[in-house]
file coords23.cif (mmCIF, C-alpha atoms and all ligand atoms)
data_input
loop_
_atom_site.label_atom_id
_atom_site.label_comp_id
_atom_site.auth_asym_id
_atom_site.auth_seq_id
_atom_site.Cartn_x
_atom_site.Cartn_y
_atom_site.Cartn_z
CA MET A 2 77.97 105.74 83.89
CA THR A 3 80.87 107.92 84.99
CA GLU A 4 84.40 106.80 84.31
CA TYR A 5 85.33 107.52 87.91
CA VAL A 6 83.80 105.74 90.85
CA ILE A 7 85.36 108.14 93.34
CA GLU A 8 86.03 111.82 92.67
CA ALA A 9 87.32 113.77 95.65
CA GLU A 10 88.32 117.43 95.52
CA GLY A 11 89.92 119.19 98.45
CA LEU A 12 88.68 116.52 100.83
CA THR A 13 89.55 117.64 104.35
CA LYS A 14 88.94 116.32 107.86
CA ARG A 15 89.68 118.20 111.04
CA PHE A 16 89.38 116.74 114.50
CA GLY A 17 89.39 119.90 116.65
CA ASP A 18 92.67 121.68 115.92
CA PHE A 19 94.20 118.63 114.26
CA THR A 20 93.88 118.15 110.50
CA ALA A 21 93.91 114.43 109.67
CA VAL A 22 93.27 114.83 105.92
CA GLN A 23 94.13 118.03 104.09
CA GLY A 24 92.84 119.02 100.63
CA LEU A 25 92.87 115.54 99.13
CA ASP A 26 92.18 115.33 95.39
CA MET A 27 91.68 111.77 94.29
CA GLN A 28 90.06 109.97 91.40
CA ILE A 29 89.49 106.26 91.14
CA GLN A 30 88.71 104.71 87.80
CA ARG A 31 86.09 102.06 87.32
CA GLY A 32 87.44 98.50 87.29
CA GLN A 33 90.80 99.35 88.79
CA VAL A 34 92.59 98.19 91.88
CA HIS A 35 93.76 101.47 93.41
CA GLY A 36 96.28 101.25 96.24
CA PHE A 37 96.25 103.68 99.14
CA LEU A 38 99.61 104.02 100.88
CA GLY A 39 100.98 106.09 103.70
CA PRO A 40 102.76 105.80 107.04
CA ASN A 41 100.79 105.09 110.22
CA GLY A 42 98.52 108.01 111.02
CA SER A 43 98.78 109.57 107.56
CA GLY A 44 94.99 109.70 107.15
CA LYS A 45 94.08 106.70 104.96
CA THR A 46 91.33 105.32 107.21
CA THR A 47 89.94 108.81 107.80
CA ALA A 48 89.79 109.46 104.04
CA ILE A 49 88.18 106.06 103.39
CA ARG A 50 85.56 106.68 106.07
CA MET A 51 84.69 110.03 104.51
CA MET A 52 84.46 108.44 101.07
CA CYS A 53 82.16 105.74 102.46
CA GLY A 54 79.81 108.36 103.87
CA LEU A 55 80.58 107.30 107.45
CA LEU A 56 82.45 110.38 108.65
CA ASP A 57 81.45 114.03 108.25
CA ILE A 58 83.58 116.01 105.84
CA SER A 59 85.11 119.25 107.18
CA ALA A 60 85.71 120.73 103.70
CA GLY A 61 85.84 119.67 100.07
CA ASN A 62 83.65 117.54 97.85
CA VAL A 63 83.39 113.88 97.15
CA ARG A 64 81.23 111.93 94.71
CA VAL A 65 81.09 108.18 95.03
CA LEU A 66 79.46 106.16 92.24
CA GLY A 67 78.21 109.52 90.98
CA LEU A 68 76.51 110.27 94.32
CA GLU A 69 77.41 113.45 96.14
CA ILE A 70 78.32 113.13 99.84
CA PRO A 71 76.85 114.14 102.30
CA GLU A 72 73.52 114.46 100.41
CA TYR A 73 73.55 110.83 99.31
CA ALA A 74 75.69 109.39 102.11
CA GLU A 75 73.09 106.78 102.98
CA GLU A 76 72.88 105.51 99.39
CA VAL A 77 76.67 105.40 99.23
CA ARG A 78 76.81 103.37 102.46
CA ASP A 79 74.33 100.92 100.94
CA GLN A 80 76.19 100.58 97.67
CA VAL A 81 79.80 100.36 98.79
CA GLY A 82 81.43 97.26 100.31
CA TYR A 83 83.60 98.51 103.15
CA MET A 84 86.06 96.30 104.98
CA THR A 85 87.11 98.05 108.15
CA GLN A 86 90.57 97.84 109.63
CA ARG A 87 89.12 96.72 112.96
CA PHE A 88 86.89 93.68 113.12
CA SER A 89 83.30 94.90 113.09
CA HIS A 90 81.24 91.72 113.17
CA TYR A 91 79.29 90.45 116.15
CA GLN A 92 81.64 88.40 118.32
CA ASP A 93 78.86 86.34 119.88
CA MET A 94 77.29 85.31 116.60
CA THR A 95 78.61 82.54 114.39
CA VAL A 96 80.30 83.11 111.07
CA ARG A 97 77.15 82.13 109.17
CA GLU A 98 74.84 84.14 111.46
CA ASN A 99 76.96 87.24 110.92
CA LEU A 100 76.72 86.92 107.14
CA MET A 101 72.99 86.11 107.20
CA PHE A 102 72.42 89.13 109.44
CA LEU A 103 74.43 91.34 107.13
CA ALA A 104 72.50 90.07 104.11
CA ASP A 105 69.29 90.98 105.94
CA ILE A 106 70.30 94.52 106.90
CA ARG A 107 71.74 95.05 103.43
CA GLY A 108 68.25 94.29 102.09
CA MET A 109 69.15 91.15 100.16
CA PRO A 110 65.96 89.32 99.13
CA ARG A 111 65.26 86.46 101.53
CA LYS A 112 65.25 83.85 98.76
CA GLN A 113 68.81 84.74 97.67
CA ARG A 114 70.37 84.97 101.12
CA THR A 115 71.23 81.36 101.89
CA ALA A 116 72.66 80.66 98.44
CA ARG A 117 74.77 83.82 98.40
CA VAL A 118 76.02 83.30 101.97
CA ASP A 119 76.99 79.72 101.10
CA GLU A 120 78.78 81.01 98.02
CA VAL A 121 80.95 83.51 99.91
CA LEU A 122 81.58 81.01 102.73
CA GLY A 123 83.08 78.74 100.09
CA GLU A 124 84.94 81.48 98.21
CA TYR A 125 86.56 82.87 101.33
CA ASN A 126 87.50 79.50 102.79
CA LEU A 127 85.09 79.78 105.70
CA ALA A 128 82.95 76.71 104.94
CA GLN A 129 84.71 74.63 107.61
CA ILE A 130 84.03 77.14 110.36
CA THR A 131 80.52 78.40 109.65
CA GLY A 132 79.33 77.47 113.16
CA ARG A 133 82.22 79.04 115.04
CA LEU A 134 81.63 82.22 117.02
CA ALA A 135 83.19 85.20 115.30
CA GLY A 136 84.86 86.18 118.57
CA ASP A 137 86.74 82.85 118.59
CA LEU A 138 88.25 83.23 115.11
CA SER A 139 91.95 83.75 114.51
CA GLY A 140 93.11 87.12 113.16
CA GLY A 141 93.33 85.81 109.59
CA GLN A 142 89.94 84.10 109.80
CA LYS A 143 88.42 87.38 110.99
CA ARG A 144 89.91 89.19 107.99
CA ARG A 145 88.42 86.56 105.67
CA LEU A 146 85.00 86.95 107.31
CA SER A 147 85.24 90.74 106.98
CA LEU A 148 86.12 90.44 103.31
CA ALA A 149 83.27 87.97 102.74
CA GLY A 150 80.95 90.51 104.37
CA ALA A 151 82.22 93.34 102.18
CA VAL A 152 81.61 91.43 98.93
CA LEU A 153 78.35 89.80 100.04
CA THR A 154 76.03 92.10 98.09
CA GLN A 155 78.38 92.20 95.07
CA PRO A 156 78.97 95.96 95.32
CA GLN A 157 80.41 97.87 92.36
CA LEU A 158 82.94 99.51 94.67
CA LEU A 159 84.96 97.97 97.49
CA MET A 160 86.93 99.98 100.01
CA LEU A 161 89.30 97.66 101.83
CA ASP A 162 91.28 98.97 104.78
CA GLU A 163 94.38 96.79 105.15
CA PRO A 164 92.52 93.62 104.19
CA THR A 165 95.57 91.36 104.38
CA SER A 166 96.96 92.36 107.75
CA GLU A 167 97.30 89.21 109.87
CA VAL A 168 96.62 86.76 107.03
CA ASP A 169 99.09 84.06 106.04
CA PRO A 170 101.00 84.32 102.74
CA ASN A 171 98.82 81.79 100.88
CA THR A 172 95.60 83.50 101.92
CA ARG A 173 97.11 86.84 101.00
CA ARG A 174 97.98 85.61 97.52
CA ASP A 175 94.53 84.16 97.19
CA MET A 176 92.88 87.41 98.29
CA TRP A 177 94.84 89.41 95.72
CA SER A 178 93.89 86.98 92.94
CA ARG A 179 90.29 87.57 93.95
CA PHE A 180 90.73 91.35 93.88
CA PHE A 181 92.00 91.16 90.31
CA ARG A 182 89.22 88.78 89.30
CA LEU A 183 86.66 91.16 90.79
CA ALA A 184 88.30 94.11 89.02
CA ALA A 185 88.26 92.21 85.71
CA GLU A 186 84.53 91.72 86.22
CA GLY A 187 84.10 95.49 86.69
CA THR A 188 84.37 95.97 90.46
CA SER A 189 86.47 98.94 91.51
CA ILE A 190 88.67 98.54 94.57
CA LEU A 191 90.36 101.04 96.84
CA VAL A 192 92.75 99.11 99.06
CA SER A 193 95.03 100.46 101.75
CA THR A 194 98.20 98.56 102.50
CA HIS A 195 101.58 98.82 104.14
CA LEU A 196 103.00 96.02 102.02
CA MET A 197 105.13 97.12 99.11
CA ASP A 198 104.66 93.95 97.07
CA GLU A 199 100.89 94.57 97.23
CA ALA A 200 101.41 98.19 96.22
CA GLU A 201 103.48 97.07 93.21
CA ARG A 202 100.51 95.09 91.93
CA CYS A 203 97.95 97.92 91.95
CA HIS A 204 96.83 99.63 88.73
CA ARG A 205 97.31 103.02 90.37
CA LEU A 206 98.49 104.33 93.73
CA THR A 207 97.88 107.32 95.93
CA ILE A 208 100.39 108.02 98.68
CA LEU A 209 99.48 110.14 101.70
CA ASN A 210 101.85 111.70 104.17
CA GLN A 211 100.68 113.61 107.24
CA GLY A 212 97.20 113.95 105.74
CA GLU A 213 98.33 115.27 102.36
CA LYS A 214 98.65 113.56 99.02
CA VAL A 215 102.33 113.38 98.15
CA ALA A 216 102.19 111.19 95.04
CA ASP A 217 99.80 109.44 92.74
CA GLY A 218 99.84 107.64 89.42
CA THR A 219 100.50 104.24 87.97
CA THR A 220 103.40 102.33 89.49
CA ASP A 221 105.47 102.96 86.33
CA GLU A 222 104.73 106.69 86.37
CA LEU A 223 105.67 106.96 90.02
CA LYS A 224 108.96 105.15 89.48
CA GLN A 225 109.80 107.28 86.45
CA ARG A 226 109.07 110.48 88.37
CA LEU A 227 111.25 109.50 91.33
CA PRO A 228 113.67 112.42 91.78
CA GLN A 229 116.44 110.04 92.84
CA SER A 230 118.53 107.30 91.25
CA VAL A 231 118.79 104.03 93.15
CA VAL A 232 122.22 102.56 93.85
CA ASN A 233 122.54 99.12 95.39
CA ILE A 234 125.49 98.49 97.68
CA HIS A 235 126.30 94.85 98.29
CA GLY A 236 128.85 93.60 100.76
CA ALA A 237 129.54 91.64 103.91
CA ASP A 238 129.00 94.53 106.27
CA VAL A 239 126.73 97.22 104.92
CA SER A 240 124.93 97.81 108.21
CA GLY A 241 127.30 100.50 109.41
CA LEU A 242 127.07 102.44 106.15
CA ALA A 243 123.47 103.63 106.40
CA ASP A 244 124.17 106.13 109.18
CA SER A 245 127.36 107.46 107.63
CA LEU A 246 125.61 108.07 104.30
CA SER A 247 122.60 109.78 105.82
CA ASP A 248 124.45 113.03 106.58
CA ASP A 249 124.94 113.62 102.85
CA GLY A 250 122.89 116.33 101.10
CA GLN A 251 122.81 114.31 97.85
CA ILE A 252 121.62 111.12 99.49
CA LEU A 253 118.03 111.03 100.62
CA ALA A 254 117.94 107.60 102.22
CA ALA A 255 119.86 104.36 102.64
CA THR A 256 117.79 101.33 103.51
CA GLN A 257 119.22 97.92 104.33
CA SER A 258 117.79 94.69 102.99
CA GLY A 259 119.86 91.62 103.93
CA LEU A 260 123.41 92.11 102.68
CA SER A 261 122.40 95.04 100.49
CA LEU A 262 121.75 98.70 101.01
CA ARG A 263 119.47 100.67 98.66
CA VAL A 264 120.67 104.24 98.39
CA LEU A 265 118.55 107.05 96.95
CA VAL A 266 120.87 109.56 95.27
CA ASP A 267 119.64 112.90 93.92
CA ARG A 268 119.06 112.71 90.14
CA ASN A 269 121.21 115.83 89.69
CA VAL A 270 124.23 113.73 90.52
CA GLY A 271 125.50 112.72 87.05
CA ASP A 272 127.27 109.51 88.06
CA PRO A 273 125.38 108.14 91.07
CA VAL A 274 127.44 104.93 91.28
CA GLY A 275 130.71 106.90 91.16
CA TYR A 276 129.34 109.28 93.75
CA VAL A 277 128.41 106.51 96.18
CA ARG A 278 131.77 104.81 95.47
CA SER A 279 133.53 108.00 96.52
CA ARG A 280 131.65 107.84 99.82
CA VAL A 281 132.03 104.15 100.70
CA GLY A 282 135.36 103.03 99.19
CA ASN A 283 136.22 100.03 97.05
CA GLN A 284 135.31 97.07 99.23
CA TYR A 285 131.64 96.95 98.12
CA GLN A 286 129.89 95.94 94.91
CA LEU A 287 127.86 98.84 93.55
CA ALA A 288 125.23 98.96 90.81
CA GLN A 289 122.53 101.32 89.70
CA ILE A 290 119.21 99.48 89.85
CA GLU A 291 115.63 100.14 88.81
CA ALA A 292 113.45 101.99 91.25
CA ALA A 293 110.83 100.01 93.17
CA ILE A 294 107.64 101.31 94.74
CA GLU A 295 109.38 101.01 98.09
CA ASP A 296 111.86 103.68 96.91
CA VAL A 297 108.98 105.89 95.78
CA PHE A 298 107.32 105.41 99.16
CA VAL A 299 110.49 106.20 101.11
CA ALA A 300 111.18 109.31 99.04
CA ALA A 301 107.59 110.56 99.33
CA THR A 302 107.28 110.04 103.06
CA MET A 303 110.70 110.93 104.45
CA ASP A 304 110.98 112.95 107.65
CA THR A 305 107.71 111.84 109.02
CA SER A 306 106.60 110.40 112.25
CA ASP A 307 103.23 109.20 113.43
CA ALA A 308 101.11 112.36 113.74
N1 LIG B 401 88.15 110.49 115.91
C1 LIG B 401 89.38 111.01 115.93
N2 LIG B 401 89.68 112.04 116.75
C2 LIG B 401 90.92 112.59 116.75
N3 LIG B 401 91.93 112.18 115.94
C3 LIG B 401 91.68 111.17 115.11
C4 LIG B 401 90.40 110.54 115.06
N4 LIG B 401 90.45 109.56 114.10
C5 LIG B 401 91.71 109.59 113.60
N5 LIG B 401 92.44 110.56 114.22
C6 LIG B 401 93.84 110.89 113.94
O1 LIG B 401 93.94 111.17 112.55
C7 LIG B 401 95.22 110.71 112.07
C8 LIG B 401 94.99 109.83 110.87
O2 LIG B 401 94.49 108.59 111.34
P1 LIG B 401 94.10 107.42 110.32
O3 LIG B 401 93.56 106.30 111.14
O4 LIG B 401 93.24 107.98 109.25
O5 LIG B 401 95.52 107.04 109.71
P2 LIG B 401 95.95 105.80 108.80
O6 LIG B 401 96.75 106.36 107.67
O7 LIG B 401 94.77 104.98 108.47
O8 LIG B 401 96.92 105.03 109.80
P3 LIG B 401 97.31 103.47 109.94
O9 LIG B 401 98.19 103.13 108.77
O10 LIG B 401 98.07 103.44 111.23
O11 LIG B 401 96.05 102.68 109.98
C9 LIG B 401 95.91 110.03 113.24
O12 LIG B 401 96.82 110.95 113.82
C10 LIG B 401 94.78 109.72 114.18
O13 LIG B 401 95.21 109.71 115.53
#
call {"tool": "encode", "arguments": {"input": "coords23.cif", "output": "structure tokens"}}
result
Amino acid sequence: MTEYVIEAEGLTKRFGDFTAVQGLDMQIQRGQVHGFLGPNGSGKTTAIRMMCGLLDISAGNVRVLGLEIPEYAEEVRDQVGYMTQRFSHYQDMTVRENLMFLADIRGMPRKQRTARVDEVLGEYNLAQITGRLAGDLSGGQKRRLSLAGAVLTQPQLLMLDEPTSEVDPNTRRDMWSRFFRLAAEGTSILVSTHLMDEAERCHRLTILNQGEKVADGTTDELKQRLPQSVVNIHGADVSGLADSLSDDGQILAATQSGLSLRVLVDRNVGDPVGYVRSRVGNQYQLAQIEAAIEDVFVAATMDTSDA
């Protein structure tokens, strides 16, 4: 068995003149939860669809579970559990019917189907609504059904495209516990997210910006490599400061959170707190704080808009 469940080199996707993913190198280790981050339109879904064997590759190579795409795209599609960003189940079939149908087309032996479907219905908190039409489910219930569908055949590799969008905080926490349980049992998971607390929990992260990889590594590595120091400004009225600080060549970003402002100051500045103090005056409390993945994300994806 290979150590990596996904090995992509120079993975590229062009739609006409537009390049959605450019030269992506990416490796995902077996048994890890690997987070995929990037602003809207940065190419995460496009990359996932190529790695699932669902979208033609314009250039580059990708091996999934040791299988080269496109030669073995069909085998990859059969072996990977893919949870799409958009709901892809049949709206006019019930929750149970959808899962039974999926078990059938996934080639699950008839004898196992009912037991396995019952199992995932229970695990994903769908047992109370097995007879409800998929089209009538709430957003969070649809996400749970999609996730149940992705894990139905117990694939070695899951690719989850924003699995927790629209789910409530308890379900979200529950889903992440499941991801880690699955990973501990040997399942590898690529999961895209816009939520920084989810990103913080991943074993490794890859960050895309405008189709290109701009950072990857463990969360600790990414924080250590951040080319800025983080200074927290606390005070009654920090809202007006963000704009006035943004015209500074040494300050990359200033982001407000409640009564605080997180300021990213170039590492070359020897005394970042003193530097920010010189810009804002004495009426605020200032402290240098540890970098968070949110800071890494902001620094890696500055000056970008939806492509
Ligand atoms: N079939 C297509 N034809 C043309 N452009 C496309 C097509 N599919 C995706 N794109 C474009 O490729 C870019 C990347 O889209 P993609 O959905 O991969 O981004 P994403 O990172 O998943 O975004 P989000 O976080 O909003 O889900 C976008 O600009 C999108 O409009």
call {"tool": "closest_atom_pairs", "arguments": {"input": "coords23.cif", "of": "chain A", "to": "ligand LIG 401 (chain B)", "cutoff": "9 Å", "atoms": "all atoms listed in the file", "output": "CSV"}}
result
residue,atom,partner,partner_atom,distance
A:Lys14,CA,B:LIG401,O1,8.6
A:Arg15,CA,B:LIG401,N3,8.1
A:Phe16,CA,B:LIG401,C2,5.0
A:Gly17,CA,B:LIG401,C2,7.5
A:Phe19,CA,B:LIG401,N3,7.0
A:Thr20,CA,B:LIG401,O1,7.3
A:Ala21,CA,B:LIG401,O1,4.4
A:Val22,CA,B:LIG401,C8,7.2
A:Phe37,CA,B:LIG401,O6,9.0
A:Leu38,CA,B:LIG401,O6,7.7
A:Gly39,CA,B:LIG401,O6,5.8
A:Pro40,CA,B:LIG401,O9,5.6
A:Asn41,CA,B:LIG401,O10,3.3
A:Gly42,CA,B:LIG401,O5,3.4
A:Ser43,CA,B:LIG401,O6,3.8
A:Gly44,CA,B:LIG401,O4,3.2
A:Lys45,CA,B:LIG401,O6,3.8
A:Thr46,CA,B:LIG401,O7,3.7
A:Thr47,CA,B:LIG401,O4,3.7
A:Ala48,CA,B:LIG401,O4,6.4
A:Ile49,CA,B:LIG401,O4,8.0
A:Arg50,CA,B:LIG401,O4,8.4
A:Gln86,CA,B:LIG401,O11,7.3
A:Asp162,CA,B:LIG401,O7,7.9
A:Glu163,CA,B:LIG401,O11,7.8
A:Ser193,CA,B:LIG401,O7,8.1
A:Thr194,CA,B:LIG401,O9,7.8
A:His195,CA,B:LIG401,O9,7.2
A:Leu209,CA,B:LIG401,O6,7.6
A:Asn210,CA,B:LIG401,O6,8.2
A:Gln211,CA,B:LIG401,C8,7.7
A:Gly212,CA,B:LIG401,C8,6.9
A:Asp307,CA,B:LIG401,O12,6.7
A:Ala308,CA,B:LIG401,O12,4.5
call {"tool": "residues_near_point", "arguments": {"input": "coords23.cif", "point": "(84.8, 78.7, 106.6)", "cutoff": "12 Å", "atoms": "only C-alpha atoms", "output": "MDAnalysis selection string"}}
result
chainID A and resid 95:97 100 118:135 138:139 141:146 149
call {"tool": "residues_around", "arguments": {"input": "coords23.cif", "residues": "Val274 (chain A)", "least_positions_apart": "3", "cutoff": "12 Å", "atoms": "all atoms listed in the file", "output": "list in words"}}
result
Ser230, Val231, Val232, Asn233, Ile234, Ile252, Arg263, Val264, Leu265, Val266, Asp267, Arg268, Val270, Gly271, Val277, Arg278, Ser279, Arg280, Val281, Gly282, Asn283, Tyr285, Gln286, Leu287, Ala288, Gln289 and Ile290 of chain A
call {"tool": "atom_distance", "arguments": {"input": "coords23.cif", "atom1": "CA of Lys112 (chain A)", "atom2": "CA of Gly82 (chain A)"}}
result
21.1 Å
call {"tool": "closest_residue", "arguments": {"input": "coords23.cif", "among": "A:His235, A:Val215, A:Met84, A:Gln92", "to": "Thr165 (chain A)", "atoms": "all atoms listed in the file"}}
result
A:Met84
call {"tool": "residues_near_point", "arguments": {"input": "coords23.cif", "point": "(80.6, 101.2, 82.5)", "cutoff": "12 Å", "atoms": "all atoms listed in the file", "output": "VMD selection string"}}
result
chain A and resid 2 to 6 30 to 32 66 157 186 to 189
call {"tool": "atom_distance", "arguments": {"input": "coords23.cif", "atom1": "CA of Arg174 (chain A)", "atom2": "CA of Ser147 (chain A)"}}
result
16.7 Å
call {"tool": "closest_residue", "arguments": {"input": "coords23.cif", "among": "A:Ile294, A:Ile58, A:Met51, A:Val63", "to": "Leu196 (chain A)", "atoms": "all atoms listed in the file"}}
result
A:Ile294
call {"tool": "axis_aligned_box", "arguments": {"input": "coords23.cif", "around": "region 183-201 of chain A", "padding_each_side": "3 Å", "output": "JSON"}}
result
{"center_x": 94.6, "center_y": 96.1, "center_z": 94.9, "size_x": 27.0, "size_y": 15.9, "size_z": 24.4}
call {"tool": "atom_distance", "arguments": {"input": "coords23.cif", "atom1": "CA of Ile106 (chain A)", "atom2": "CA of Asp79 (chain A)"}}
result
9.6 Å
call {"tool": "residues_around", "arguments": {"input": "coords23.cif", "residues": "Gly218 (chain A)", "least_positions_apart": "2", "cutoff": "7 Å", "atoms": "all atoms listed in the file", "output": "number ranges by chain"}}
result
A: 205-207, 220, 222-223
call {"tool": "closest_residue", "arguments": {"input": "coords23.cif", "among": "A:Leu158, A:Tyr83, A:Gln33, A:Leu12", "to": "Ala185 (chain A)", "atoms": "all atoms listed in the file"}}
result
A:Gln33
call {"tool": "closest_residue", "arguments": {"input": "coords23.cif", "among": "A:His204, A:Asp175, A:Val81, A:Phe88", "to": "Gln155 (chain A)", "atoms": "all atoms listed in the file"}}
result
A:Val81
call {"tool": "closest_residue", "arguments": {"input": "coords23.cif", "among": "A:Ala255, A:Ala74, A:Val152, A:Leu68", "to": "Leu103 (chain A)", "atoms": "all atoms listed in the file"}}
result
A:Val152
call {"tool": "residues_around", "arguments": {"input": "coords23.cif", "residues": "Asp198 (chain A)", "least_positions_apart": "3", "cutoff": "9 Å", "atoms": "all atoms listed in the file", "output": "PyMOL selection string"}}
result
chain A and resi 201-202+294-295
call {"tool": "decode", "arguments": {"input": "coords23.cif", "residues": "region 57-81 of chain A", "atoms": "N, CA and C atoms", "output": "PDB file, in the first residue's frame"}}
result
ATOM      1  N   ASP A  57     -12.493  15.991 -16.476  1.00  0.00           N
ATOM      2  CA  ASP A  57     -11.255  15.790 -17.258  1.00  0.00           C
ATOM      3  C   ASP A  57     -10.160  16.727 -16.780  1.00  0.00           C
ATOM      4  N   ILE A  58      -8.956  16.207 -16.809  1.00  0.00           N
ATOM      5  CA  ILE A  58      -7.787  16.996 -16.397  1.00  0.00           C
ATOM      6  C   ILE A  58      -7.209  17.670 -17.647  1.00  0.00           C
ATOM      7  N   SER A  59      -6.874  18.974 -17.544  1.00  0.00           N
ATOM      8  CA  SER A  59      -6.279  19.657 -18.706  1.00  0.00           C
ATOM      9  C   SER A  59      -4.791  19.361 -18.791  1.00  0.00           C
ATOM     10  N   ALA A  60      -4.117  19.273 -17.640  1.00  0.00           N
ATOM     11  CA  ALA A  60      -2.678  18.955 -17.622  1.00  0.00           C
ATOM     12  C   ALA A  60      -2.334  18.435 -16.240  1.00  0.00           C
ATOM     13  N   GLY A  61      -1.215  17.722 -16.161  1.00  0.00           N
ATOM     14  CA  GLY A  61      -0.755  17.199 -14.869  1.00  0.00           C
ATOM     15  C   GLY A  61      -1.123  15.745 -14.682  1.00  0.00           C
ATOM     16  N   ASN A  62      -0.759  15.236 -13.525  1.00  0.00           N
ATOM     17  CA  ASN A  62      -1.015  13.830 -13.196  1.00  0.00           C
ATOM     18  C   ASN A  62      -1.663  13.745 -11.834  1.00  0.00           C
ATOM     19  N   VAL A  63      -2.500  12.738 -11.691  1.00  0.00           N
ATOM     20  CA  VAL A  63      -3.011  12.468 -10.344  1.00  0.00           C
ATOM     21  C   VAL A  63      -3.249  10.965 -10.181  1.00  0.00           C
ATOM     22  N   ARG A  64      -2.747  10.463  -9.045  1.00  0.00           N
ATOM     23  CA  ARG A  64      -2.988   9.064  -8.652  1.00  0.00           C
ATOM     24  C   ARG A  64      -3.810   9.085  -7.380  1.00  0.00           C
ATOM     25  N   VAL A  65      -4.868   8.306  -7.403  1.00  0.00           N
ATOM     26  CA  VAL A  65      -5.745   8.234  -6.230  1.00  0.00           C
ATOM     27  C   VAL A  65      -5.806   6.774  -5.814  1.00  0.00           C
ATOM     28  N   LEU A  66      -5.502   6.502  -4.564  1.00  0.00           N
ATOM     29  CA  LEU A  66      -5.416   5.119  -4.068  1.00  0.00           C
ATOM     30  C   LEU A  66      -4.525   4.290  -4.988  1.00  0.00           C
ATOM     31  N   GLY A  67      -3.475   4.918  -5.483  1.00  0.00           N
ATOM     32  CA  GLY A  67      -2.512   4.231  -6.355  1.00  0.00           C
ATOM     33  C   GLY A  67      -2.990   4.062  -7.788  1.00  0.00           C
ATOM     34  N   LEU A  68      -4.178   4.588  -8.107  1.00  0.00           N
ATOM     35  CA  LEU A  68      -4.738   4.424  -9.454  1.00  0.00           C
ATOM     36  C   LEU A  68      -4.578   5.714 -10.240  1.00  0.00           C
ATOM     37  N   GLU A  69      -3.982   5.574 -11.419  1.00  0.00           N
ATOM     38  CA  GLU A  69      -3.746   6.744 -12.264  1.00  0.00           C
ATOM     39  C   GLU A  69      -5.064   7.201 -12.899  1.00  0.00           C
ATOM     40  N   ILE A  70      -5.275   8.533 -12.888  1.00  0.00           N
ATOM     41  CA  ILE A  70      -6.433   9.114 -13.588  1.00  0.00           C
ATOM     42  C   ILE A  70      -5.875   9.784 -14.845  1.00  0.00           C
ATOM     43  N   PRO A  71      -6.459   9.658 -16.025  1.00  0.00           N
ATOM     44  CA  PRO A  71      -7.814   9.168 -16.295  1.00  0.00           C
ATOM     45  C   PRO A  71      -7.935   7.658 -16.542  1.00  0.00           C
ATOM     46  N   GLU A  72      -6.804   6.945 -16.669  1.00  0.00           N
ATOM     47  CA  GLU A  72      -6.905   5.519 -17.048  1.00  0.00           C
ATOM     48  C   GLU A  72      -7.855   4.749 -16.129  1.00  0.00           C
ATOM     49  N   TYR A  73      -7.740   5.004 -14.835  1.00  0.00           N
ATOM     50  CA  TYR A  73      -8.535   4.230 -13.878  1.00  0.00           C
ATOM     51  C   TYR A  73      -9.609   5.088 -13.206  1.00  0.00           C
ATOM     52  N   ALA A  74     -10.102   6.085 -13.953  1.00  0.00           N
ATOM     53  CA  ALA A  74     -11.082   7.014 -13.361  1.00  0.00           C
ATOM     54  C   ALA A  74     -12.326   6.278 -12.844  1.00  0.00           C
ATOM     55  N   GLU A  75     -12.750   5.275 -13.582  1.00  0.00           N
ATOM     56  CA  GLU A  75     -13.963   4.558 -13.173  1.00  0.00           C
ATOM     57  C   GLU A  75     -13.747   3.835 -11.839  1.00  0.00           C
ATOM     58  N   GLU A  76     -12.584   3.182 -11.713  1.00  0.00           N
ATOM     59  CA  GLU A  76     -12.272   2.480 -10.456  1.00  0.00           C
ATOM     60  C   GLU A  76     -12.194   3.485  -9.310  1.00  0.00           C
ATOM     61  N   VAL A  77     -11.599   4.642  -9.590  1.00  0.00           N
ATOM     62  CA  VAL A  77     -11.492   5.667  -8.542  1.00  0.00           C
ATOM     63  C   VAL A  77     -12.894   6.111  -8.116  1.00  0.00           C
ATOM     64  N   ARG A  78     -13.759   6.352  -9.086  1.00  0.00           N
ATOM     65  CA  ARG A  78     -15.135   6.772  -8.759  1.00  0.00           C
ATOM     66  C   ARG A  78     -15.825   5.732  -7.878  1.00  0.00           C
ATOM     67  N   ASP A  79     -15.553   4.464  -8.149  1.00  0.00           N
ATOM     68  CA  ASP A  79     -16.174   3.389  -7.359  1.00  0.00           C
ATOM     69  C   ASP A  79     -15.613   3.312  -5.947  1.00  0.00           C
ATOM     70  N   GLN A  80     -14.345   3.706  -5.797  1.00  0.00           N
ATOM     71  CA  GLN A  80     -13.684   3.456  -4.513  1.00  0.00           C
ATOM     72  C   GLN A  80     -13.658   4.654  -3.572  1.00  0.00           C
ATOM     73  N   VAL A  81     -13.998   5.818  -4.115  1.00  0.00           N
ATOM     74  CA  VAL A  81     -13.925   7.034  -3.292  1.00  0.00           C
ATOM     75  C   VAL A  81     -15.336   7.437  -2.858  1.00  0.00           C
TER      76      VAL A  81
END
